[in-house]
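Heads up: the structure comes next, in structure tokens.
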Amino acid sequence: MEFLSGNTKKETRDISDILCGGYEGREIRMNGAVHKIRNMGDMAFIVLRKREGLVQTVYEEGAVNLPLDELSEEDTVEIGGVVAAEERAPQGFEIRLREIRILSRSSAPMPVAVNKWKMNTSLETKLDLRPLSLRNPVERAKFRIQEGLVRGFRDYLYGQGFTEIHSPKIGARGAEGGANLFRLEYFHKHAVLAQSPQFYKQMMVGVFDRVFEVAPVFRAEKHNTKRHLNEYISLDLEMGYIDSFQDIMEMETGFLQYAMALLQREYAEELKMLKVALPKVDEIPQVRFDRAKELVAEKYGRKIRNPFDLEPEEEVLIGEYFREEMGADFVFVTHYPSKKRPFYAMDDPKDPDFTLSFDLLFHGLEITTGGQRIHDFGALEKKLGDRGMTDEGMEQYMMAFQHGMPPHGGLGIGLERLTMSLLGEDNVRETTLFPRDLGRLEP
């Protein structure tokens, strides 16, 4: 009888193993995909693509067990060879081949040149061929950066005493109301896909005090813009026993500082590849909603047309204003009008026409919405009544407040939008693995 120990050692080596040192002049084994073959006649450079990057190998006629013409780009292989220092190679070393074993063959020509630094193809083509186009190192690097943002979010919040939760994505009703719900039949009952984990994360504040979730949310909005998706990943947090909604903004500022430091430390290669300069996050300014409108109207001569919401052009101008005046990449816009916020948003006691809420703009793009919530059962019932709403379908949600809830608040960050703005892309689909929008359900 055989037993598993969980620590089986492999004979193959990774890039990080070689970079740790001690392998020069030694024969090793390595696996990967054939990214590119540069045939020079009596020798060739075969570049392998691995999860950590590209590795240059050297093929010399007569020194390898496999004829070069039997190898194709995108074949997956296991190779054996001797490690040699080479400062011109991608990792500062190369492998002089002795053996190639083909693990699987590429049986058709690649429809897109993933081994070119820039594929020079349209976004639609890249999305149609997503399982292949993501093999391009530059495309892949975008999602390594995105991984770093999620990792930073999780790690930072764990360090701040948060508990990770997983709320259902099929429910009886939406958390925000309105018509932007995907409706479906659920065993002869009406159901919807979750717009937000809002109700669940609030209820869980009464259990764990501080909670967060990383999960998809769904919006049935018939938009076709460069900044909207019908399914996206939301980084949500909710925290109890707050003194004010300032605590929520401080928590997000701390997360951004942690995440940028993590990217700088552990994702430097991807940042270099994508030519990304990380934003300034040591201090983030905040400005009231109404004051922000006035500032951009005065500076840029723009008439205030909608006193209750920010138009996309206004968000861009607010971003420009704070970049020009304060050198800020981010700005918190606070105190949004009550009529534009959900019923659970807490009104400002000093002026109930406005709420203790905020959006975070990054280079003029809204990436976060958050604020303080109503935690008093009576006040929540009154807000529902004032809006002509009832608690029908929200009985379990209201139950939590009927039995006492701490002062609390939270936020939701759009992961793809944050990545898009960080990388300087102009379309959110560039930073979405498999986008879902008005016209796309595949791949």
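Ligands are numbered from 1 in the order shown, residues from 1 within each chain, and chains are lettered A, B, ... in the order they appear in the structure tokens.
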
At a cut-off of 8 Å, using only C-alpha atoms, what residues contact segment 254-271 of chain A? Leave out same-chain residues fewer than 2 positions from it and give the result as an MDAnalysis selection string. chainID A and resid 141:142 144:145 148:149 151:153 156:157 250:252 273:279 281:282

Store the residues picked out above, limited to N, CA and C atoms, as a tab-separated table (two decimals), in the first residue's frame.
chain	number	residue	atom	x	y	z
A	141	ALA	N	0.40	39.31	-18.22
A	141	ALA	CA	0.89	40.17	-17.14
A	141	ALA	C	-0.22	41.01	-16.53
A	142	LYS	N	-1.21	41.41	-17.34
A	142	LYS	CA	-2.32	42.22	-16.81
A	142	LYS	C	-3.03	41.48	-15.68
A	144	ARG	N	-1.78	38.98	-13.89
A	144	ARG	CA	-0.90	38.82	-12.73
A	144	ARG	C	-1.04	40.04	-11.82
A	145	ILE	N	-1.08	41.24	-12.41
A	145	ILE	CA	-1.29	42.45	-11.61
A	145	ILE	C	-2.65	42.38	-10.92
A	148	GLY	N	-2.45	40.35	-7.96
A	148	GLY	CA	-1.81	41.07	-6.86
A	148	GLY	C	-2.77	41.97	-6.11
A	149	LEU	N	-3.71	42.60	-6.84
A	149	LEU	CA	-4.70	43.45	-6.18
A	149	LEU	C	-5.62	42.63	-5.28
A	151	ARG	N	-4.95	39.67	-4.00
A	151	ARG	CA	-4.11	39.15	-2.92
A	151	ARG	C	-3.89	40.24	-1.86
A	152	GLY	N	-3.63	41.46	-2.31
A	152	GLY	CA	-3.45	42.56	-1.37
A	152	GLY	C	-4.70	42.85	-0.56
A	153	PHE	N	-5.85	42.79	-1.21
A	153	PHE	CA	-7.13	43.01	-0.53
A	153	PHE	C	-7.33	41.98	0.57
A	156	TYR	N	-4.47	42.22	3.42
A	156	TYR	CA	-4.59	43.40	4.26
A	156	TYR	C	-5.78	43.26	5.22
A	157	LEU	N	-6.91	42.80	4.70
A	157	LEU	CA	-8.09	42.71	5.56
A	157	LEU	C	-7.97	41.60	6.59
A	250	GLU	N	-10.60	55.38	5.44
A	250	GLU	CA	-9.26	55.09	5.97
A	250	GLU	C	-8.87	53.64	5.69
A	251	MET	N	-9.83	52.73	5.84
A	251	MET	CA	-9.56	51.33	5.58
A	251	MET	C	-9.21	51.11	4.12
A	252	GLU	N	-9.92	51.76	3.21
A	252	GLU	CA	-9.59	51.60	1.79
A	252	GLU	C	-8.23	52.21	1.47
A	273	MET	N	7.12	45.23	-17.55
A	273	MET	CA	6.65	44.77	-18.85
A	273	MET	C	5.52	45.65	-19.39
A	274	LEU	N	4.62	46.06	-18.49
A	274	LEU	CA	3.46	46.86	-18.88
A	274	LEU	C	3.72	48.36	-18.79
A	275	LYS	N	4.92	48.73	-18.37
A	275	LYS	CA	5.32	50.14	-18.24
A	275	LYS	C	4.36	50.91	-17.34
A	276	VAL	N	4.10	50.32	-16.18
A	276	VAL	CA	3.16	50.91	-15.22
A	276	VAL	C	3.91	51.64	-14.13
A	277	ALA	N	3.56	52.89	-13.92
A	277	ALA	CA	4.05	53.65	-12.77
A	277	ALA	C	2.95	53.64	-11.72
A	278	LEU	N	3.26	53.12	-10.56
A	278	LEU	CA	2.23	52.98	-9.52
A	278	LEU	C	1.79	54.35	-9.01
A	279	PRO	N	0.50	54.48	-8.68
A	279	PRO	CA	-0.03	55.78	-8.26
A	279	PRO	C	0.38	56.16	-6.85
A	281	VAL	N	-0.32	56.97	-3.16
A	281	VAL	CA	-1.37	56.57	-2.21
A	281	VAL	C	-1.03	56.92	-0.77
A	282	ASP	N	0.03	57.72	-0.56
A	282	ASP	CA	0.39	58.04	0.82
A	282	ASP	C	-0.70	58.86	1.50

Quick one: residues within 10 Å of Gly409 of chain A, only C-alpha atoms counted, chain neighbours fewer than 6 positions away excluded, as an MDAnalysis selection string? chainID A and resid 201:202 205 210 237:249 345:346 356:357 370:375

Write the selection just made, keeping N, CA and C atoms, as a PDB file, in the first residue's frame?
ATOM      1  N   LYS A 201     -23.608  40.933   3.674  1.00  0.00           N
ATOM      2  CA  LYS A 201     -22.439  41.405   4.418  1.00  0.00           C
ATOM      3  C   LYS A 201     -22.862  42.284   5.595  1.00  0.00           C
ATOM      4  N   GLN A 202     -23.969  43.023   5.461  1.00  0.00           N
ATOM      5  CA  GLN A 202     -24.472  43.772   6.609  1.00  0.00           C
ATOM      6  C   GLN A 202     -24.938  42.832   7.716  1.00  0.00           C
ATOM      7  N   VAL A 205     -22.085  41.463   9.691  1.00  0.00           N
ATOM      8  CA  VAL A 205     -21.442  42.360  10.655  1.00  0.00           C
ATOM      9  C   VAL A 205     -21.968  42.069  12.060  1.00  0.00           C
ATOM     10  N   ARG A 210     -16.434  42.309  11.354  1.00  0.00           N
ATOM     11  CA  ARG A 210     -15.773  42.769  10.135  1.00  0.00           C
ATOM     12  C   ARG A 210     -15.732  41.636   9.123  1.00  0.00           C
ATOM     13  N   LEU A 237     -16.265  44.943   1.413  1.00  0.00           N
ATOM     14  CA  LEU A 237     -16.013  44.820   2.845  1.00  0.00           C
ATOM     15  C   LEU A 237     -17.114  45.546   3.605  1.00  0.00           C
ATOM     16  N   GLU A 238     -17.331  45.112   4.819  1.00  0.00           N
ATOM     17  CA  GLU A 238     -18.282  45.759   5.727  1.00  0.00           C
ATOM     18  C   GLU A 238     -17.693  45.653   7.124  1.00  0.00           C
ATOM     19  N   MET A 239     -17.713  46.756   7.872  1.00  0.00           N
ATOM     20  CA  MET A 239     -17.105  46.733   9.201  1.00  0.00           C
ATOM     21  C   MET A 239     -17.995  47.423  10.226  1.00  0.00           C
ATOM     22  N   GLY A 240     -18.059  46.831  11.405  1.00  0.00           N
ATOM     23  CA  GLY A 240     -18.908  47.346  12.470  1.00  0.00           C
ATOM     24  C   GLY A 240     -18.141  48.142  13.503  1.00  0.00           C
ATOM     25  N   TYR A 241     -18.915  48.786  14.388  1.00  0.00           N
ATOM     26  CA  TYR A 241     -18.373  49.600  15.480  1.00  0.00           C
ATOM     27  C   TYR A 241     -17.486  50.730  14.947  1.00  0.00           C
ATOM     28  N   ILE A 242     -17.954  51.350  13.860  1.00  0.00           N
ATOM     29  CA  ILE A 242     -17.224  52.487  13.311  1.00  0.00           C
ATOM     30  C   ILE A 242     -17.666  53.762  14.022  1.00  0.00           C
ATOM     31  N   ASP A 243     -16.807  54.758  14.003  1.00  0.00           N
ATOM     32  CA  ASP A 243     -17.152  56.067  14.554  1.00  0.00           C
ATOM     33  C   ASP A 243     -17.812  56.952  13.505  1.00  0.00           C
ATOM     34  N   SER A 244     -17.408  56.749  12.236  1.00  0.00           N
ATOM     35  CA  SER A 244     -18.004  57.509  11.141  1.00  0.00           C
ATOM     36  C   SER A 244     -17.617  56.845   9.832  1.00  0.00           C
ATOM     37  N   PHE A 245     -18.175  57.349   8.738  1.00  0.00           N
ATOM     38  CA  PHE A 245     -17.825  56.772   7.443  1.00  0.00           C
ATOM     39  C   PHE A 245     -16.372  57.069   7.060  1.00  0.00           C
ATOM     40  N   GLN A 246     -15.712  57.971   7.799  1.00  0.00           N
ATOM     41  CA  GLN A 246     -14.292  58.209   7.593  1.00  0.00           C
ATOM     42  C   GLN A 246     -13.483  56.931   7.844  1.00  0.00           C
ATOM     43  N   ASP A 247     -13.947  56.101   8.771  1.00  0.00           N
ATOM     44  CA  ASP A 247     -13.246  54.848   9.067  1.00  0.00           C
ATOM     45  C   ASP A 247     -13.183  53.948   7.836  1.00  0.00           C
ATOM     46  N   ILE A 248     -14.243  53.979   7.020  1.00  0.00           N
ATOM     47  CA  ILE A 248     -14.285  53.143   5.818  1.00  0.00           C
ATOM     48  C   ILE A 248     -13.274  53.653   4.795  1.00  0.00           C
ATOM     49  N   MET A 249     -13.227  54.971   4.629  1.00  0.00           N
ATOM     50  CA  MET A 249     -12.273  55.547   3.679  1.00  0.00           C
ATOM     51  C   MET A 249     -10.833  55.308   4.138  1.00  0.00           C
ATOM     52  N   ALA A 345     -28.488  53.694   3.034  1.00  0.00           N
ATOM     53  CA  ALA A 345     -27.444  54.693   3.246  1.00  0.00           C
ATOM     54  C   ALA A 345     -27.863  55.664   4.343  1.00  0.00           C
ATOM     55  N   MET A 346     -26.957  55.950   5.250  1.00  0.00           N
ATOM     56  CA  MET A 346     -27.274  56.856   6.357  1.00  0.00           C
ATOM     57  C   MET A 346     -27.228  58.306   5.886  1.00  0.00           C
ATOM     58  N   LEU A 356     -23.950  60.070   4.277  1.00  0.00           N
ATOM     59  CA  LEU A 356     -22.584  59.821   4.744  1.00  0.00           C
ATOM     60  C   LEU A 356     -21.986  58.714   3.864  1.00  0.00           C
ATOM     61  N   SER A 357     -21.805  59.062   2.608  1.00  0.00           N
ATOM     62  CA  SER A 357     -21.340  58.084   1.621  1.00  0.00           C
ATOM     63  C   SER A 357     -20.244  58.703   0.768  1.00  0.00           C
ATOM     64  N   GLY A 370     -19.165  53.500  -1.447  1.00  0.00           N
ATOM     65  CA  GLY A 370     -19.285  53.030  -0.071  1.00  0.00           C
ATOM     66  C   GLY A 370     -19.884  54.085   0.828  1.00  0.00           C
ATOM     67  N   GLY A 371     -19.928  53.768   2.116  1.00  0.00           N
ATOM     68  CA  GLY A 371     -20.443  54.725   3.083  1.00  0.00           C
ATOM     69  C   GLY A 371     -20.960  54.056   4.336  1.00  0.00           C
ATOM     70  N   GLN A 372     -21.497  54.879   5.216  1.00  0.00           N
ATOM     71  CA  GLN A 372     -22.084  54.397   6.463  1.00  0.00           C
ATOM     72  C   GLN A 372     -23.514  53.963   6.205  1.00  0.00           C
ATOM     73  N   ARG A 373     -23.951  52.906   6.887  1.00  0.00           N
ATOM     74  CA  ARG A 373     -25.308  52.371   6.717  1.00  0.00           C
ATOM     75  C   ARG A 373     -26.171  52.753   7.924  1.00  0.00           C
ATOM     76  N   ILE A 374     -27.459  52.720   7.728  1.00  0.00           N
ATOM     77  CA  ILE A 374     -28.382  52.888   8.857  1.00  0.00           C
ATOM     78  C   ILE A 374     -28.333  51.615   9.694  1.00  0.00           C
ATOM     79  N   HIS A 375     -28.083  51.743  10.991  1.00  0.00           N
ATOM     80  CA  HIS A 375     -28.006  50.551  11.833  1.00  0.00           C
ATOM     81  C   HIS A 375     -29.169  50.456  12.817  1.00  0.00           C
TER      82      HIS A 375
END

Enumerate, as a list in words, the complete set of residues in segment 289-335 of chain A that a backbone-based DSSP assignment places in helix (DSSP H, G or I). Phe289, Asp290, Arg291, Ala292, Lys293, Glu294, Leu295, Val296, Ala297, Glu298, Lys299, Tyr300, Pro312, Glu313, Glu314, Glu315, Val316, Leu317, Ile318, Gly319, Glu320, Tyr321, Phe322, Arg323, Glu324, Glu325 and Met326 of chain A

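What separates atom CA of Asp348 of chain A from atom CA of Met398 of chain A is a distance of 21.6 Å.
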
One number please: atom CA of Lys293 of chain A to atom CA of Ile367 of chain A, in Å, one decimal. 18.4 Å
